[in-house]
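For reference, entry_33.csv is printed below; it contains CSV, C-alpha atoms and all ligand atoms.
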```csv
chain,number,residue,atom,x,y,z
A,28,MET,CA,0.0,0.0,0.0
A,29,THR,CA,1.2,3.5,-0.7
A,30,THR,CA,0.4,6.3,1.7
A,31,THR,CA,0.8,10.0,1.2
A,32,ILE,CA,2.5,12.1,3.8
A,33,ASN,CA,2.7,15.9,3.3
A,34,GLY,CA,2.4,15.4,-0.5
A,35,THR,CA,5.2,12.8,-0.7
A,36,ALA,CA,4.4,9.3,-1.9
A,37,THR,CA,5.6,6.9,0.6
A,38,GLU,CA,5.9,3.1,0.3
A,39,ASN,CA,5.2,1.1,3.4
A,40,GLY,CA,7.8,-1.3,4.6
A,41,LEU,CA,9.1,-4.3,2.6
A,42,ALA,CA,9.8,-7.7,4.0
A,43,VAL,CA,13.5,-8.5,4.3
A,44,ARG,CA,14.6,-12.1,3.8
A,45,LEU,CA,18.0,-13.6,4.1
A,46,ASP,CA,17.8,-16.9,2.2
A,47,ASP,CA,20.5,-19.2,3.5
A,48,VAL,CA,23.1,-16.5,3.4
A,49,SER,CA,26.7,-17.3,4.2
A,50,PHE,CA,29.5,-14.9,4.7
A,51,SER,CA,32.9,-14.8,6.4
A,52,TYR,CA,35.5,-12.4,7.6
A,53,GLY,CA,38.5,-14.7,7.8
A,54,GLU,CA,37.8,-17.0,10.7
A,55,ALA,CA,34.6,-15.3,11.6
A,56,SER,CA,31.8,-17.0,9.7
A,57,PHE,CA,28.1,-16.3,9.5
A,58,ARG,CA,25.0,-18.0,8.3
A,59,PHE,CA,21.7,-16.2,8.3
A,60,ASP,CA,18.4,-17.6,7.3
A,61,ALA,CA,15.5,-15.4,8.4
A,62,GLU,CA,12.7,-13.2,7.4
A,63,PHE,CA,11.8,-9.8,8.9
A,64,ALA,CA,8.2,-9.0,8.3
A,65,ALA,CA,7.2,-5.8,6.4
A,66,GLY,CA,6.4,-2.8,8.6
A,67,ARG,CA,7.7,-4.3,11.9
A,68,ILE,CA,10.3,-3.0,14.3
A,69,THR,CA,12.8,-5.7,15.2
A,70,ALA,CA,15.4,-5.3,17.9
A,71,ILE,CA,18.6,-7.1,16.8
A,72,MET,CA,20.4,-8.3,20.0
A,73,GLY,CA,23.2,-10.5,20.9
A,74,PRO,CA,26.7,-10.6,22.4
A,75,SER,CA,29.5,-8.5,21.0
A,76,GLY,CA,30.9,-10.2,17.9
A,77,SER,CA,27.8,-12.3,17.2
A,78,GLY,CA,27.3,-10.6,13.8
A,79,LYS,CA,24.7,-7.9,14.3
A,80,SER,CA,26.5,-5.3,12.3
A,81,THR,CA,27.4,-7.9,9.7
A,82,LEU,CA,23.7,-8.8,9.3
A,83,LEU,CA,22.8,-5.1,8.7
A,84,ASN,CA,25.7,-4.7,6.3
A,85,LEU,CA,24.6,-7.6,4.2
A,86,ILE,CA,21.1,-6.1,3.9
A,87,ALA,CA,22.4,-2.7,3.2
A,88,GLY,CA,24.8,-3.9,0.5
A,89,PHE,CA,28.1,-3.0,2.2
A,90,GLU,CA,28.9,-6.7,2.2
A,91,SER,CA,27.8,-9.4,-0.3
A,92,PRO,CA,26.8,-12.9,0.6
A,93,GLU,CA,29.2,-15.7,-0.4
A,94,THR,CA,26.2,-18.0,-0.9
A,95,GLY,CA,22.5,-17.4,-0.6
A,96,LYS,CA,20.4,-14.3,-1.3
A,97,VAL,CA,19.2,-11.1,0.3
A,98,LEU,CA,15.6,-10.5,-0.8
A,99,ILE,CA,14.0,-7.1,-0.2
A,100,GLY,CA,10.3,-7.0,-0.9
A,101,GLY,CA,10.8,-10.4,-2.6
A,102,ILE,CA,13.3,-9.1,-5.0
A,103,ASP,CA,16.9,-10.4,-5.0
A,104,ALA,CA,19.2,-7.4,-4.1
A,105,GLY,CA,22.0,-9.1,-6.0
A,106,ASN,CA,25.1,-6.9,-6.1
A,107,ALA,CA,23.2,-3.6,-6.0
A,108,PRO,CA,25.2,-1.0,-4.2
A,109,PRO,CA,23.8,0.5,-1.0
A,110,SER,CA,22.6,3.7,-2.7
A,111,ALA,CA,20.4,1.6,-5.1
A,112,ARG,CA,18.7,-0.5,-2.4
A,113,PRO,CA,15.4,0.5,-0.9
A,114,VAL,CA,17.2,0.9,2.4
A,115,SER,CA,18.5,3.7,4.7
A,116,MET,CA,21.1,3.1,7.4
A,117,VAL,CA,22.1,5.1,10.4
A,118,PHE,CA,25.3,4.3,12.3
A,119,GLN,CA,26.5,5.1,15.8
A,120,GLU,CA,28.5,8.0,14.4
A,121,ASN,CA,30.0,9.6,11.3
A,122,ASN,CA,26.7,9.8,9.5
A,123,LEU,CA,27.3,13.4,8.4
A,124,PHE,CA,29.7,15.2,6.1
A,125,ALA,CA,31.6,17.5,8.4
A,126,HIS,CA,32.1,20.3,5.8
A,127,LEU,CA,28.4,20.5,4.8
A,128,PRO,CA,25.7,22.4,6.7
A,129,VAL,CA,22.8,20.5,8.2
A,130,GLU,CA,20.4,21.3,5.3
A,131,ALA,CA,22.9,19.9,2.8
A,132,ASN,CA,23.5,16.8,4.9
A,133,VAL,CA,19.7,16.2,4.9
A,134,GLY,CA,19.3,17.1,1.2
A,135,LEU,CA,21.7,14.3,0.3
A,136,GLY,CA,18.9,11.9,1.2
A,137,ARG,CA,17.0,13.1,-1.8
A,138,SER,CA,19.8,14.1,-4.3
A,139,PRO,CA,23.4,13.0,-4.1
A,140,SER,CA,24.3,16.0,-6.4
A,141,LEU,CA,22.4,18.4,-4.1
A,142,LYS,CA,20.4,19.7,-7.1
A,143,LEU,CA,17.4,20.7,-5.0
A,144,GLY,CA,14.3,22.5,-6.2
A,145,ASP,CA,11.8,24.4,-4.1
A,146,ALA,CA,9.9,21.3,-3.2
A,147,GLU,CA,13.0,19.6,-1.9
A,148,ARG,CA,14.1,22.6,0.1
A,149,ALA,CA,10.6,22.8,1.7
A,150,ALA,CA,10.9,19.0,2.5
A,151,ILE,CA,14.3,19.6,4.2
A,152,VAL,CA,12.8,22.4,6.4
A,153,GLU,CA,9.9,20.2,7.2
A,154,ALA,CA,12.0,17.2,8.0
A,155,LEU,CA,14.3,19.2,10.3
A,156,ALA,CA,11.2,20.6,12.1
A,157,ARG,CA,9.9,17.0,12.5
A,158,VAL,CA,13.1,15.9,14.3
A,159,GLY,CA,13.2,19.0,16.5
A,160,LEU,CA,15.9,21.0,14.6
A,161,ALA,CA,13.9,23.9,13.2
A,162,GLY,CA,16.2,26.9,12.7
A,163,LYS,CA,19.4,24.9,12.7
A,164,GLU,CA,19.6,24.4,8.9
A,165,LYS,CA,22.8,26.4,8.4
A,166,ARG,CA,24.8,24.9,11.2
A,167,LEU,CA,27.8,22.6,10.6
A,168,PRO,CA,27.8,19.2,12.3
A,169,ARG,CA,30.5,20.3,14.7
A,170,GLU,CA,28.1,23.0,16.0
A,171,LEU,CA,25.6,20.4,17.1
A,172,SER,CA,25.4,18.0,20.1
A,173,GLY,CA,25.8,14.3,19.5
A,174,GLY,CA,22.0,13.8,19.8
A,175,GLU,CA,21.3,16.6,17.4
A,176,ARG,CA,23.7,15.1,14.8
A,177,GLN,CA,21.7,11.8,15.0
A,178,ARG,CA,18.5,13.9,14.6
A,179,VAL,CA,20.0,15.2,11.3
A,180,ALA,CA,20.7,11.6,10.2
A,181,LEU,CA,17.0,10.8,10.9
A,182,ALA,CA,15.9,13.9,9.0
A,183,ARG,CA,17.9,12.5,6.0
A,184,VAL,CA,16.1,9.2,6.5
A,185,LEU,CA,12.8,11.1,6.1
A,186,LEU,CA,14.1,12.7,2.8
A,187,ARG,CA,15.4,9.4,1.5
A,188,ASP,CA,12.1,7.8,2.2
A,189,ARG,CA,13.0,4.2,1.8
A,190,PRO,CA,10.9,1.3,3.0
A,191,VAL,CA,13.6,-0.3,5.1
A,192,LEU,CA,15.5,1.4,7.9
A,193,LEU,CA,18.6,-0.1,9.5
A,194,LEU,CA,19.8,1.4,12.7
A,195,ASP,CA,23.2,0.2,14.0
A,196,GLU,CA,23.3,1.4,17.6
A,197,PRO,CA,22.7,5.0,16.6
A,198,PHE,CA,21.9,6.2,20.1
A,199,ALA,CA,24.5,4.1,22.1
A,200,SER,CA,26.6,7.1,23.0
A,201,LEU,CA,23.7,9.2,24.3
A,202,GLY,CA,22.4,9.3,27.9
A,203,PRO,CA,19.3,7.4,28.9
A,204,ALA,CA,16.8,10.2,28.8
A,205,LEU,CA,18.0,11.5,25.4
A,206,ARG,CA,18.1,7.9,24.1
A,207,ASP,CA,14.4,7.5,25.1
A,208,ASP,CA,13.6,10.7,23.2
A,209,MET,CA,15.4,9.5,20.2
A,210,LEU,CA,13.7,6.0,20.3
A,211,ASP,CA,10.3,7.7,20.6
A,212,LEU,CA,11.2,9.8,17.6
A,213,VAL,CA,12.0,6.6,15.6
A,214,ALA,CA,8.8,5.1,16.8
A,215,GLY,CA,6.9,8.2,15.7
A,216,ILE,CA,8.5,8.1,12.3
A,217,HIS,CA,7.7,4.4,12.0
A,218,ALA,CA,4.1,5.1,12.9
A,219,GLU,CA,3.9,7.6,10.0
A,220,ARG,CA,5.9,5.8,7.4
A,221,LYS,CA,5.4,2.1,8.4
A,222,MET,CA,8.9,1.2,7.2
A,223,THR,CA,10.5,-2.1,8.2
A,224,VAL,CA,12.9,-1.2,11.0
A,225,LEU,CA,15.8,-3.3,12.2
A,226,PHE,CA,17.7,-1.8,15.1
A,227,VAL,CA,20.8,-3.1,16.8
A,228,THR,CA,20.9,-2.5,20.5
A,229,HIS,CA,22.7,-3.9,23.6
A,230,GLN,CA,20.0,-2.3,25.8
A,231,PRO,CA,17.1,-4.5,26.8
A,232,GLU,CA,15.1,-1.4,27.8
A,233,ASP,CA,15.5,0.0,24.3
A,234,ALA,CA,14.2,-3.2,22.8
A,235,ARG,CA,11.3,-3.2,25.2
A,236,ARG,CA,10.5,0.5,24.5
A,237,ILE,CA,10.0,0.3,20.7
A,238,GLY,CA,10.8,-3.3,19.6
A,239,GLN,CA,7.8,-5.3,18.4
A,240,ASP,CA,10.0,-8.3,17.6
A,241,VAL,CA,13.4,-9.5,18.7
A,242,ALA,CA,16.1,-11.4,16.8
A,243,PHE,CA,18.8,-12.8,19.0
A,244,LEU,CA,22.1,-13.5,17.4
A,245,ASP,CA,24.7,-15.9,18.7
A,246,GLU,CA,28.0,-17.0,17.1
A,247,GLY,CA,27.2,-15.7,13.7
A,248,ALA,CA,23.7,-17.0,13.3
A,249,ILE,CA,20.2,-16.0,14.3
A,250,ALA,CA,19.5,-18.2,17.3
A,251,ALA,CA,15.9,-17.1,18.0
A,252,THR,CA,13.3,-14.8,16.8
A,253,GLY,CA,9.8,-13.8,18.1
A,254,PRO,CA,7.6,-11.1,19.6
A,255,ALA,CA,9.5,-8.9,22.0
A,256,ASP,CA,7.1,-9.6,24.9
A,257,ASP,CA,7.9,-13.3,24.7
A,258,PHE,CA,11.6,-12.7,24.8
A,259,PHE,CA,11.3,-10.8,28.1
A,260,ASP,CA,9.2,-13.5,29.7
A,261,ARG,CA,11.0,-15.8,32.2
A,262,THR,CA,10.5,-18.6,29.7
A,263,GLY,CA,12.3,-16.7,26.9
A,264,PRO,CA,15.2,-18.4,25.1
A,265,ASP,CA,17.9,-19.5,27.7
A,266,ALA,CA,20.8,-17.9,25.8
A,267,PHE,CA,18.9,-14.6,25.6
A,268,ARG,CA,18.1,-14.6,29.3
A,269,ARG,CA,21.7,-15.3,30.1
A,270,TYR,CA,22.7,-12.5,27.8
A,271,ILE,CA,20.4,-9.9,29.4
A,272,GLY,CA,21.0,-11.1,32.9
A,273,ASP,CA,18.3,-9.9,35.3
A,274,ARG,CA,17.5,-6.7,33.4
A,275,GLY,CA,14.7,-8.1,31.2
A,276,GLY,CA,11.8,-8.2,33.7
A,277,THR,CA,8.8,-10.4,33.2
A,278,VAL,CA,6.0,-10.2,30.7
A,279,ALA,CA,3.4,-12.9,30.3
A,280,GLY,CA,3.3,-15.2,27.3
A,281,SER,CA,6.1,-16.8,25.3
A,282,GLN,CA,4.4,-19.1,22.9
A,283,HIS,CA,5.7,-17.8,19.5
A,284,ILE,CA,9.5,-17.9,19.7
A,285,ALA,CA,11.1,-19.8,16.9
A,286,ARG,CA,14.3,-21.3,18.2
A,287,LYS,CA,17.1,-22.3,15.9
A,288,ARG,CA,20.2,-24.3,16.7
A,289,THR,CA,23.4,-22.4,16.0
B,301,LIG,N1,35.6,-5.5,8.3
B,301,LIG,C1,35.9,-6.6,9.1
B,301,LIG,N2,37.0,-7.3,8.8
B,301,LIG,C2,37.3,-8.4,9.5
B,301,LIG,N3,36.6,-8.9,10.6
B,301,LIG,C3,35.5,-8.2,10.8
B,301,LIG,C4,35.1,-7.1,10.1
B,301,LIG,N4,33.9,-6.6,10.7
B,301,LIG,C5,33.6,-7.5,11.7
B,301,LIG,N5,34.5,-8.4,11.8
B,301,LIG,C6,34.5,-9.6,12.7
B,301,LIG,O1,33.2,-10.2,12.5
B,301,LIG,C7,32.7,-10.6,13.8
B,301,LIG,C8,31.3,-10.0,13.9
B,301,LIG,O2,31.4,-8.6,13.9
B,301,LIG,P1,30.1,-7.7,14.0
B,301,LIG,O3,30.6,-6.3,14.0
B,301,LIG,O4,29.1,-8.0,13.0
B,301,LIG,O5,29.5,-8.1,15.5
B,301,LIG,P2,28.5,-7.3,16.4
B,301,LIG,O6,27.5,-8.4,16.9
B,301,LIG,O7,27.8,-6.2,15.7
B,301,LIG,O8,29.4,-6.8,17.6
B,301,LIG,P3,29.3,-5.5,18.6
B,301,LIG,O9,28.1,-5.7,19.5
B,301,LIG,O10,30.6,-5.5,19.3
B,301,LIG,O11,29.2,-4.3,17.7
B,301,LIG,C9,33.6,-10.1,14.9
B,301,LIG,O12,34.5,-11.2,15.2
B,301,LIG,C10,34.5,-9.1,14.1
B,301,LIG,O13,35.8,-9.0,14.7
```
Translate the structure of the given file into structure tokens.
Amino acid sequence: MTTTINGTATENGLAVRLDDVSFSYGEASFRFDAEFAAGRITAIMGPSGSGKSTLLNLIAGFESPETGKVLIGGIDAGNAPPSARPVSMVFQENNLFAHLPVEANVGLGRSPSLKLGDAERAAIVEALARVGLAGKEKRLPRELSGGERQRVALARVLLRDRPVLLLDEPFASLGPALRDDMLDLVAGIHAERKMTVLFVTHQPEDARRIGQDVAFLDEGAIAATGPADDFFDRTGPDAFRRYIGDRGGTVAGSQHIARKRT
């Protein structure tokens, strides 16, 4: 379904499927076989080195599978470069070009050559207002706080307007209150655009705040997937419970978790 937001045609999320994907960095090997449903927010969790960033990089096209396929909306992404994929990605840092003002960094989401007409300029102003940065169009990234820089990256996501959003720990360096604000902003954008969101986090409270589903990675594979509520139940997957320790709390119900052997 296509929705219209402020005059911009917006596709809803697309399903993301990794079909028996294998990949390796030297001795670190990965095998991913999973589907992320269209329009859902999935928290990607797991120990350091389990392959969370690698999973996102394969979907975004920064890495290519050795075998298997990445399908986005049922279409094989093949060797398409990141810019040609229906995907936006936000990293923990270095999302912005240091020499370009905020408005240009956002405009790159629409036009890599920054040939922007009146409609695009209006969209930039609107996107910056949406993320709480009205009036900061002319600033350089170094004139912003860390949280504001990530807001600029999210404004660019709005301009880029792709049906899949990959977030690789974008708020990890922010304090808890600000992180909550940023997560709520992501949830608000998701409510408007209905994109498929995969977000990497080490924080169970982040996953519980906006995650509808959880995918738990262990040793280069997806060990379990299911609704977030089920993961935070006492009967959630053992490896996940060990990973989060006693920070997960208890939520009733854990019937729908698909466990896979790693
Ligand atoms: N560019 C690279 N070259 C070589 N090895 C890499 C590269 N990127 C990642 N690795 C290795 O692949 C493994 C998985 O890394 P990845 O960054 O995907 O893990 P992660 O789960 O995101 O970890 P973290 O939570 O610490 O960010 C690690 O052993 C890492 O050292």
Shortest interatomic distance to A:Gly100 - which of A:Pro139, A:Gly215, A:Gly144, A:Pro190, counting only C-alpha atoms:
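The shortest atom-to-atom distance to A:Gly100 comes from A:Pro190.
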In terms of the shortest atom-to-atom distance over all atoms listed in the file, which of A:Thr228, A:Asn122, A:Thr69, A:Thr252 is closest to ligand LIG 301 (chain B)?
A:Thr228
Using all atoms listed in the file, find each protein or nucleic acid residue lying at most 8 Å from ligand LIG 301 (chain B); present the set as an NGL selection string.
:A and (51-53 or 55-56 or 72-82 or 227-229 or 244 or 247)
Once you count only C-alpha atoms, what closest atom pair and distance in Å to one decimal does each residue of stretch 192-223 of chain A within 12 Å of stretch 107-114 of chain A have, with rows by chain and rising residue number, as a tab-separated table?
```
residue	atom	partner	partner_atom	distance
A:Leu192	CA	A:Val114	CA	5.8
A:Leu193	CA	A:Val114	CA	7.3
A:Leu194	CA	A:Val114	CA	10.6
A:Met222	CA	A:Val114	CA	9.6
A:Thr223	CA	A:Val114	CA	9.4
```
Kindly give the distance, in Å, that separates atom CA of A:Val48 and atom CA of A:Asp60, rounded to a single decimal.
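Atom-to-atom, atom CA of A:Val48 and atom CA of A:Asp60 are spaced 6.2 Å apart.
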For stretch 164-172 of chain A, find every residue with an atom within 8 Å (counting all atoms listed in the file), except residues of its own chain fewer than 6 positions away, and show them as a PyMOL selection string.
chain A and resi 123-130+152+155
Listed atoms of stretch 169-177 of chain A boxed along x, y and z, 4 Å each side, centre and edge lengths in Å, one decimal, as JSON:
```
{"center_x": 25.9, "center_y": 17.4, "center_z": 17.4, "size_x": 17.2, "size_y": 19.2, "size_z": 13.4}
```
Skip A:Asp240 itself and residues of its chain fewer than 2 positions away, then list as a PyMOL selection string all residues within 7 Å of it, counting only C-alpha atoms.
chain A and resi 68-70+238+242+253-255
Kindly export the residues of the current selection with C-alpha atoms, as a PDB file, in the frame of the given file.
```pdb
ATOM      1  CA  ILE A  68      10.300  -3.000  14.300  1.00  0.00           C
ATOM      2  CA  THR A  69      12.800  -5.700  15.200  1.00  0.00           C
ATOM      3  CA  ALA A  70      15.400  -5.300  17.900  1.00  0.00           C
ATOM      4  CA  GLY A 238      10.800  -3.300  19.600  1.00  0.00           C
ATOM      5  CA  ALA A 242      16.100 -11.400  16.800  1.00  0.00           C
ATOM      6  CA  GLY A 253       9.800 -13.800  18.100  1.00  0.00           C
ATOM      7  CA  PRO A 254       7.600 -11.100  19.600  1.00  0.00           C
ATOM      8  CA  ALA A 255       9.500  -8.900  22.000  1.00  0.00           C
TER       9      ALA A 255
END
```
Kindly indicate which residue among A:Val133, A:Leu45, A:Leu181, A:Ala154 lies nearest to A:Pro197, using only C-alpha atoms for the distances.
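Of all the options, A:Leu181 lies closest to A:Pro197.
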Around (18.1, 20.8, 17.0) in the file's frame, which residues reach within 6 Å when counting all atoms listed in the file? Return as a list in words?
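Returned residue set, sorted by chain then number, is Gly159, Leu160 and Glu175 of chain A.
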From the list A:Asp145, A:Glu246, A:Asp195, A:Asp188, which residue is nearest A:Asn121 when using all atoms listed in the file?
A:Asp195
